[in-house]
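So this block is final-v6.txt, compact mmCIF, C-alpha atoms and all ligand atoms:
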```txt
# COMPACT_ATOMS: atom_id res chain seq x y z
CA MET A 1 106.63 102.28 118.91
CA ALA A 2 107.10 105.89 117.72
CA ILE A 3 106.56 108.66 120.26
CA MET A 4 103.81 110.84 118.90
CA ALA A 5 104.13 114.62 118.60
CA PRO A 6 102.01 116.83 120.91
CA SER A 7 99.70 117.45 117.96
CA ASP A 8 98.45 113.85 118.20
CA LYS A 9 94.93 114.70 119.25
CA GLN A 10 92.03 112.54 118.14
CA LEU A 11 90.00 113.79 115.21
CA THR A 12 86.28 114.01 115.97
CA GLY A 13 83.25 116.06 114.91
CA LEU A 14 82.75 117.88 111.64
CA VAL A 15 85.65 118.42 109.27
CA ALA A 16 85.13 120.81 106.34
CA ALA A 17 86.83 119.48 103.19
CA THR A 18 87.94 122.88 101.91
CA PHE A 19 87.52 124.25 98.41
CA THR A 20 90.58 125.83 96.82
CA PRO A 21 90.31 129.58 96.19
CA LEU A 22 91.44 130.36 92.63
CA THR A 23 91.53 133.65 90.74
CA GLU A 24 89.44 134.10 87.59
CA GLU A 25 92.68 133.28 85.69
CA GLY A 26 92.94 129.99 87.58
CA GLU A 27 95.86 130.84 89.91
CA ILE A 28 95.87 130.18 93.68
CA ASN A 29 94.11 133.05 95.49
CA ILE A 30 95.94 132.86 98.79
CA SER A 31 94.38 136.05 100.18
CA GLU A 32 90.99 134.30 100.60
CA ILE A 33 92.24 131.71 103.08
CA GLY A 34 92.14 133.96 106.18
CA PRO A 35 88.52 135.06 105.53
CA TYR A 36 87.65 131.41 104.73
CA VAL A 37 88.92 130.22 108.13
CA ALA A 38 86.96 133.00 109.85
CA TYR A 39 83.80 132.10 107.90
CA LEU A 40 84.04 128.43 108.90
CA THR A 41 84.61 129.08 112.59
CA GLU A 42 82.21 132.01 112.98
CA ARG A 43 79.32 131.14 110.66
CA GLN A 44 79.44 127.34 110.44
CA GLY A 45 80.85 126.43 113.85
CA VAL A 46 83.36 124.13 112.14
CA LYS A 47 86.76 123.76 113.85
CA ASN A 48 88.48 121.09 111.74
CA ILE A 49 89.58 121.26 108.13
CA PHE A 50 90.65 118.78 105.50
CA VAL A 51 92.95 120.54 103.06
CA ASN A 52 93.79 119.57 99.44
CA GLY A 53 91.27 116.74 99.29
CA THR A 54 88.95 115.88 96.43
CA THR A 55 86.89 119.01 97.13
CA GLY A 56 90.16 120.98 97.17
CA GLU A 57 90.93 119.75 93.63
CA SER A 58 94.22 118.27 94.85
CA LEU A 59 94.78 116.01 91.89
CA SER A 60 94.37 119.00 89.55
CA LEU A 61 96.97 121.07 91.43
CA SER A 62 100.74 120.95 91.13
CA VAL A 63 102.82 119.76 94.08
CA ALA A 64 104.16 123.32 94.48
CA GLU A 65 100.61 124.74 94.65
CA ARG A 66 99.59 122.14 97.20
CA LYS A 67 102.53 123.12 99.40
CA ILE A 68 101.59 126.81 99.22
CA LEU A 69 97.99 126.01 100.16
CA ALA A 70 98.83 123.61 102.98
CA GLU A 71 101.26 126.14 104.46
CA GLU A 72 98.75 128.98 104.34
CA TRP A 73 95.90 126.91 105.79
CA CYS A 74 98.14 125.80 108.68
CA LYS A 75 99.24 129.40 109.29
CA LYS A 76 95.74 130.87 109.18
CA ALA A 77 94.19 128.04 111.21
CA LYS A 78 96.64 128.42 114.09
CA GLY A 79 94.77 129.32 117.28
CA LYS A 80 91.40 129.19 115.46
CA MET A 81 90.98 125.60 114.27
CA ASP A 82 91.38 122.47 116.39
CA HIS A 83 92.77 120.25 113.67
CA VAL A 84 94.24 120.62 110.17
CA THR A 85 94.53 117.42 108.13
CA VAL A 86 96.50 117.71 104.90
CA HIS A 87 95.73 115.27 102.11
CA VAL A 88 99.06 114.33 100.48
CA GLY A 89 98.10 111.61 97.99
CA CYS A 90 99.43 111.87 94.41
CA MET A 91 99.88 109.43 91.54
CA SER A 92 103.59 109.06 92.31
CA LEU A 93 104.97 107.73 95.59
CA LYS A 94 107.81 110.28 95.46
CA ASP A 95 105.42 113.26 95.21
CA THR A 96 103.27 111.81 97.98
CA GLN A 97 106.32 111.38 100.23
CA ASP A 98 107.45 114.91 99.40
CA LEU A 99 104.06 116.30 100.50
CA ALA A 100 104.03 114.12 103.62
CA ARG A 101 107.47 115.47 104.66
CA HIS A 102 106.28 118.99 103.94
CA ALA A 103 103.12 118.51 106.05
CA ALA A 104 105.35 117.48 108.97
CA GLU A 105 107.58 120.54 108.47
CA ILE A 106 104.64 122.95 108.51
CA LYS A 107 103.21 121.24 111.60
CA ALA A 108 99.94 119.97 110.19
CA ASP A 109 98.02 117.94 112.79
CA SER A 110 97.70 114.88 110.56
CA ILE A 111 97.95 113.59 107.00
CA ALA A 112 95.60 111.51 104.87
CA VAL A 113 96.45 109.53 101.74
CA ILE A 114 94.35 108.13 98.91
CA ALA A 115 95.48 105.07 96.96
CA PRO A 116 97.09 105.91 93.60
CA SER A 117 94.57 105.33 90.84
CA PHE A 118 96.61 104.76 87.68
CA PHE A 119 98.70 101.80 88.75
CA LYS A 120 96.40 100.60 91.51
CA PRO A 121 97.10 98.41 94.52
CA LYS A 122 95.22 95.18 93.79
CA ASN A 123 94.77 93.95 97.35
CA ALA A 124 95.16 94.92 101.01
CA GLN A 125 98.79 93.79 101.11
CA GLU A 126 99.84 96.04 98.22
CA LEU A 127 97.84 98.97 99.58
CA ARG A 128 99.41 98.52 103.05
CA ALA A 129 102.92 98.46 101.54
CA TYR A 130 102.23 101.73 99.67
CA LEU A 131 100.78 103.47 102.74
CA LYS A 132 103.71 102.26 104.84
CA ALA A 133 106.18 103.81 102.40
CA VAL A 134 104.36 107.15 102.69
CA ALA A 135 104.01 107.09 106.48
CA SER A 136 107.69 106.18 106.92
CA VAL A 137 108.85 109.65 105.83
CA ALA A 138 106.70 111.44 108.44
CA PRO A 139 106.64 108.91 111.28
CA ASN A 140 105.48 111.33 113.97
CA LEU A 141 102.49 112.63 112.08
CA PRO A 142 99.11 110.93 112.73
CA PHE A 143 98.23 109.06 109.55
CA TYR A 144 94.82 108.34 107.98
CA TYR A 145 93.99 106.17 105.01
CA TYR A 146 91.56 108.03 102.75
CA HIS A 147 89.19 105.56 101.10
CA ILE A 148 87.33 107.05 98.13
CA PRO A 149 86.72 104.21 95.65
CA SER A 150 84.34 106.24 93.43
CA PHE A 151 87.34 108.39 92.44
CA THR A 152 90.32 106.04 92.78
CA GLY A 153 88.66 102.85 91.56
CA VAL A 154 90.50 101.07 94.40
CA ASN A 155 87.91 98.81 95.98
CA VAL A 156 90.11 97.03 98.54
CA LEU A 157 87.90 96.44 101.59
CA VAL A 158 89.09 98.71 104.39
CA ARG A 159 88.43 96.05 107.02
CA ASP A 160 91.08 93.90 105.25
CA LEU A 161 93.53 96.81 105.24
CA LEU A 162 93.08 97.36 109.00
CA ASP A 163 94.21 93.84 109.80
CA GLY A 164 97.51 94.30 111.70
CA ILE A 165 98.08 97.76 110.22
CA GLU A 166 99.77 99.13 113.34
CA ASP A 167 102.52 96.52 112.93
CA HIS A 168 103.35 98.30 109.65
CA ILE A 169 102.40 101.92 110.40
CA SER A 170 102.77 102.91 114.05
CA SER A 171 101.44 106.42 113.31
CA PHE A 172 98.18 104.96 111.94
CA ARG A 173 95.21 106.78 113.47
CA GLY A 174 92.24 105.80 111.36
CA VAL A 175 90.29 106.10 108.16
CA LYS A 176 88.51 108.80 106.22
CA PHE A 177 85.83 106.62 104.68
CA SER A 178 84.15 108.13 101.59
CA SER A 179 82.31 105.07 100.34
CA THR A 180 78.66 104.09 100.51
CA ASP A 181 79.55 100.50 101.54
CA LEU A 182 78.12 100.59 105.05
CA MET A 183 78.88 96.93 105.69
CA ASP A 184 82.61 97.55 105.21
CA PHE A 185 82.23 100.69 107.33
CA GLY A 186 80.50 98.76 110.13
CA LEU A 187 83.21 96.09 110.13
CA CYS A 188 85.84 98.86 110.37
CA ALA A 189 83.95 100.35 113.32
CA SER A 190 84.07 97.01 115.09
CA LEU A 191 87.88 96.90 114.61
CA MET A 192 88.52 100.45 115.86
CA LYS A 193 91.13 101.10 118.56
CA PRO A 194 90.56 103.81 121.20
CA ASN A 195 93.10 106.19 119.64
CA TRP A 196 91.80 105.77 116.06
CA SER A 197 89.15 107.86 114.33
CA LEU A 198 86.62 106.66 111.79
CA ILE A 199 85.64 109.71 109.77
CA TYR A 200 82.74 109.34 107.34
CA GLY A 201 82.76 111.17 103.99
CA VAL A 202 79.36 110.77 102.34
CA ASP A 203 77.48 113.74 103.81
CA GLU A 204 74.05 112.69 102.55
CA GLN A 205 74.11 109.52 104.66
CA LEU A 206 76.13 110.61 107.68
CA LEU A 207 73.40 109.71 110.15
CA SER A 208 73.60 106.02 109.17
CA ALA A 209 77.37 106.11 109.72
CA LEU A 210 76.92 107.73 113.15
CA VAL A 211 74.64 104.86 114.14
CA LEU A 212 77.38 102.41 113.11
CA GLY A 213 80.07 104.23 115.12
CA ALA A 214 81.59 107.11 113.11
CA ASN A 215 83.65 109.49 115.28
CA GLY A 216 83.24 112.34 112.86
CA ALA A 217 82.60 113.42 109.29
CA ALA A 218 84.67 115.09 106.58
CA GLY A 219 82.85 116.53 103.63
CA SER A 220 82.29 119.37 101.22
CA THR A 221 78.82 120.44 102.34
CA TYR A 222 79.99 121.19 105.91
CA ASN A 223 81.51 124.31 104.36
CA TYR A 224 78.05 125.81 103.91
CA VAL A 225 75.64 123.69 105.97
CA GLY A 226 78.03 122.83 108.81
CA CYS A 227 75.87 124.72 111.28
CA GLN A 228 72.91 122.47 110.41
CA PHE A 229 75.04 119.34 110.68
CA ASN A 230 76.34 120.45 114.06
CA LYS A 231 72.68 120.54 115.15
CA MET A 232 72.28 117.02 113.76
CA LEU A 233 75.33 115.77 115.70
CA ALA A 234 73.99 117.37 118.90
CA ALA A 235 70.54 115.82 118.37
CA PHE A 236 72.12 112.40 117.70
CA GLU A 237 74.22 112.64 120.87
CA LYS A 238 71.11 113.47 122.92
CA GLY A 239 69.26 110.51 121.37
CA GLU A 240 66.82 112.81 119.52
CA LEU A 241 66.67 110.68 116.43
CA ILE A 242 63.65 112.33 114.80
CA GLN A 243 65.32 115.76 114.93
CA ALA A 244 68.60 114.28 113.60
CA ARG A 245 66.71 112.57 110.78
CA THR A 246 64.88 115.78 109.84
CA ILE A 247 68.21 117.56 109.28
CA GLN A 248 69.65 114.62 107.32
CA PHE A 249 66.53 114.61 105.12
CA GLN A 250 66.95 118.36 104.44
CA LEU A 251 70.44 117.82 103.10
CA GLN A 252 69.26 114.85 101.06
CA GLU A 253 66.52 117.03 99.56
CA LEU A 254 69.06 119.70 98.57
CA LEU A 255 71.55 117.21 97.10
CA ASP A 256 68.88 115.17 95.32
CA PHE A 257 67.74 118.40 93.65
CA ALA A 258 71.32 119.39 92.76
CA MET A 259 72.24 115.88 91.56
CA LYS A 260 69.35 115.91 89.10
CA LEU A 261 70.84 119.12 87.65
CA GLY A 262 74.33 117.57 87.44
CA PHE A 263 75.92 118.12 90.90
CA ASP A 264 79.70 118.12 90.55
CA LEU A 265 82.61 120.12 91.95
CA GLY A 266 81.65 123.12 89.78
CA VAL A 267 78.11 123.21 91.21
CA ASN A 268 79.36 122.51 94.74
CA LYS A 269 81.94 125.31 94.61
CA GLN A 270 79.37 127.76 93.23
CA LEU A 271 76.98 126.87 96.04
CA MET A 272 79.75 127.59 98.57
CA ILE A 273 80.51 130.93 96.84
CA ASP A 274 76.82 131.94 96.85
CA VAL A 275 76.27 130.98 100.47
CA SER A 276 79.55 132.31 101.91
CA GLY A 277 80.21 135.35 99.73
CA LEU A 278 83.89 134.31 99.50
CA SER A 279 85.75 134.77 96.19
CA LEU A 280 86.70 131.20 95.43
CA GLY A 281 86.79 131.56 91.66
CA PRO A 282 86.08 128.87 89.07
CA PRO A 283 87.07 125.20 89.36
CA ARG A 284 90.12 124.14 87.38
CA LEU A 285 89.64 122.53 83.97
CA PRO A 286 88.47 119.95 83.01
CA VAL A 287 85.84 120.68 85.69
CA MET A 288 83.51 123.33 84.30
CA ARG A 289 82.07 126.35 86.05
CA CYS A 290 78.47 125.91 87.14
CA PRO A 291 76.02 127.29 84.49
CA PRO A 292 74.26 130.43 85.86
CA ASP A 293 70.72 128.97 85.62
CA VAL A 294 71.77 125.84 87.55
CA ALA A 295 73.53 127.98 90.18
CA ALA A 296 70.39 130.13 90.59
CA SER A 297 68.02 127.17 91.07
CA VAL A 298 70.35 125.33 93.48
CA LYS A 299 70.80 128.52 95.50
CA GLN A 300 67.03 129.02 95.63
CA LYS A 301 66.59 125.42 96.74
CA TYR A 302 69.22 125.90 99.45
CA HIS A 303 67.31 128.89 100.83
CA SER A 304 63.97 127.11 100.73
CA VAL A 305 65.37 124.00 102.48
CA PHE A 306 67.42 125.82 105.11
CA ARG A 307 65.10 128.78 105.82
CA GLN A 308 66.65 130.44 108.86
C1 LIG B 1 83.17 112.25 96.30
C2 LIG B 1 83.15 113.53 97.08
O1 LIG B 1 83.38 114.58 96.55
N1 LIG B 1 82.88 113.41 98.35
C3 LIG B 1 82.84 114.54 99.25
C4 LIG B 1 81.45 114.62 99.88
O2 LIG B 1 81.42 115.70 100.75
C5 LIG B 1 80.41 114.85 98.77
O3 LIG B 1 80.69 116.03 98.06
C6 LIG B 1 79.03 114.96 99.37
O4 LIG B 1 78.75 113.84 100.17
C7 LIG B 1 77.98 115.08 98.26
O5 LIG B 1 77.90 113.88 97.54
C8 LIG B 1 83.90 114.38 100.33
O6 LIG B 1 83.91 113.07 100.85
C9 LIG B 1 85.24 114.69 99.69
C10 LIG B 1 86.26 115.10 100.66
O7 LIG B 1 86.12 114.99 101.84
C11 LIG B 1 87.53 115.62 100.11
O8 LIG B 1 87.66 116.80 99.87
O9 LIG B 1 88.41 114.84 99.85
```
Will you turn the file into structure tokens for me?
Ligand SMILES: CC(=O)N[C@@H]([C@@H](O)[C@H](O)[C@H](O)CO)[C@@H](O)CC(=O)C(=O)O
Amino acid sequence: MAIMAPSDKQLTGLVAATFTPLTEEGEINISEIGPYVAYLTERQGVKNIFVNGTTGESLSLSVAERKILAEEWCKKAKGKMDHVTVHVGCMSLKDTQDLARHAAEIKADSIAVIAPSFFKPKNAQELRAYLKAVASVAPNLPFYYYHIPSFTGVNVLVRDLLDGIEDHISSFRGVKFSSTDLMDFGLCASLMKPNWSLIYGVDEQLLSALVLGANGAAGSTYNYVGCQFNKMLAAFEKGELIQARTIQFQLQELLDFAMKLGFDLGVNKQLMIDVSGLSLGPPRLPVMRCPPDVAASVKQKYHSVFRQ
């Protein structure tokens, strides 16, 4: 059994899946990361971040850019954030291992990995072998499988993956579960070990996942409505289900409105820019910038739903 580093603290609560600040020309805008960290901690009450995930456009960034970002987030989060998870998944095992090694060097608190989506693992055994090969290069870093079948097309049931996983990956610490399959999620919850975390990633139905046993939540909307979700978590913990449901319904109302107008990363990033005032720039092609009329109506909806 590997001896875990002192950074092996359990991941719980809200985790903001960060957007990547880009300049208007599409280059990394590193100078926005310090203000971004301050905005999350001070205005949203969010103390955990998930860097270079789907929201962070990781698969549209080069490995070199991802290293620069991960390094800067870790630097700026030091002493301010409780936990920095770096997503290291790429299409190639070698690139993924490279990023996993790098995350260990820069002292990230944990890593998460999606399944590759071109040549896909076909079953739990193949997925486990892939994850083991990644974890083996950073054996002291807490390791999470990141399940996001809507993007990867890898529909291996997570409960099958969990079967005996610690015999293969001693640093395994849980799952970031971004699927709407609540039966698979519930079965994972029933298999959880005390030092694992089950982090849910579909913000619009977080409350259902909390009922089933989620330890926390990682998502894009916690960047700009984290303060509301923290109220929902507090209400849930106190057993005030009606209050928790009211907040969940508010977010559903906002996203339902945005989805009808074509909610995607471009719209999501623009919403974050409008709410936070940070200069996060456009998304990277092929994702398009949010059209101004869509941005204006989603922003108006945000203010009407979350009237302070
Ligand atoms: C598919 C997707 O983008 N899911 C988001 C959610 O936060 C999502 O934007 C939200 O639930 C609205 O659908 C997160 O799970 C993604 C995430 O955590 C990441 O950056 O990897």
Checklist entry - What do you get as number ranges by chain if you pick all residues at most 10 Å from ligand LIG 1 (chain B), counting all atoms listed in the file? => result A: 15-20, 49-58, 86-87, 112-114, 146-151, 176-180, 199-206, 217-223, 251-252, 255-256, 258-259, 263-265, 268-269
Item to check | Nearest candidate to A:Glu25 (options A:Arg173, A:Lys75, A:Arg159, A:Arg284; using only C-alpha atoms) | outcome: A:Arg284
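When only C-alpha atoms are used to measure the gap to A:Gln270, the shortest distance among A:Ser170, A:Ser297, A:Gln228, A:Ser136 belongs to A:Ser297.
Going from atom CA of A:Pro142 over to atom CA of A:Val158, you cover 17.9 Å.
By all atoms listed in the file, and with residues fewer than 6 positions from A:Val156 along its chain excluded, the set lying at most 8 Å from it is Lys122, Asn123 and Ala124 of chain A.
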Next on the checklist: Taking 4 positions as the minimum chain separation for residues in the same chain, which residues sit within 12 Å of A:Lys78 when counting all atoms listed in the file? Answer as a PyMOL selection string.
Outcome noted: chain A and resi 34+37-38+47-49+71-74+82-84+106-109
Would you write out those residues with C-alpha atoms, as an mmCIF file, keeping the file's coordinate frame?
```cif
data_model
loop_
_atom_site.group_PDB
_atom_site.id
_atom_site.type_symbol
_atom_site.label_atom_id
_atom_site.label_comp_id
_atom_site.auth_asym_id
_atom_site.auth_seq_id
_atom_site.Cartn_x
_atom_site.Cartn_y
_atom_site.Cartn_z
ATOM 1 C CA GLY A 34 92.140 133.960 106.180
ATOM 2 C CA VAL A 37 88.920 130.220 108.130
ATOM 3 C CA ALA A 38 86.960 133.000 109.850
ATOM 4 C CA LYS A 47 86.760 123.760 113.850
ATOM 5 C CA ASN A 48 88.480 121.090 111.740
ATOM 6 C CA ILE A 49 89.580 121.260 108.130
ATOM 7 C CA GLU A 71 101.260 126.140 104.460
ATOM 8 C CA GLU A 72 98.750 128.980 104.340
ATOM 9 C CA TRP A 73 95.900 126.910 105.790
ATOM 10 C CA CYS A 74 98.140 125.800 108.680
ATOM 11 C CA ASP A 82 91.380 122.470 116.390
ATOM 12 C CA HIS A 83 92.770 120.250 113.670
ATOM 13 C CA VAL A 84 94.240 120.620 110.170
ATOM 14 C CA ILE A 106 104.640 122.950 108.510
ATOM 15 C CA LYS A 107 103.210 121.240 111.600
ATOM 16 C CA ALA A 108 99.940 119.970 110.190
ATOM 17 C CA ASP A 109 98.020 117.940 112.790
#
```
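Here atom CA of A:Cys90 and atom CA of A:Asn155 stand 17.5 Å from one another.
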Item to check | Protein/DNA/RNA residues near (88.6, 132.4, 93.8), cut 7 Å, only C-alpha atoms, as a ChimeraX atom specification | outcome: /A:21-24,29,279-282
When you look at A:His303 with a cut-off of 12 Å (counting all atoms listed in the file), what residues show up, excluding the ones that are within fewer than 4 positions of it in the same chain? I need them as a PDB file with C-alpha atoms, keeping the file's coordinate frame.
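What ended up in around-v5.pdb:
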```pdb
ATOM      1  CA  TYR A 224      78.050 125.810 103.910  1.00  0.00           C
ATOM      2  CA  VAL A 225      75.640 123.690 105.970  1.00  0.00           C
ATOM      3  CA  GLN A 250      66.950 118.360 104.440  1.00  0.00           C
ATOM      4  CA  LEU A 251      70.440 117.820 103.100  1.00  0.00           C
ATOM      5  CA  GLU A 253      66.520 117.030  99.560  1.00  0.00           C
ATOM      6  CA  LEU A 254      69.060 119.700  98.570  1.00  0.00           C
ATOM      7  CA  LEU A 271      76.980 126.870  96.040  1.00  0.00           C
ATOM      8  CA  ASP A 274      76.820 131.940  96.850  1.00  0.00           C
ATOM      9  CA  VAL A 275      76.270 130.980 100.470  1.00  0.00           C
ATOM     10  CA  ALA A 296      70.390 130.130  90.590  1.00  0.00           C
ATOM     11  CA  SER A 297      68.020 127.170  91.070  1.00  0.00           C
ATOM     12  CA  VAL A 298      70.350 125.330  93.480  1.00  0.00           C
ATOM     13  CA  LYS A 299      70.800 128.520  95.500  1.00  0.00           C
ATOM     14  CA  ARG A 307      65.100 128.780 105.820  1.00  0.00           C
ATOM     15  CA  GLN A 308      66.650 130.440 108.860  1.00  0.00           C
TER      16      GLN A 308
END
```
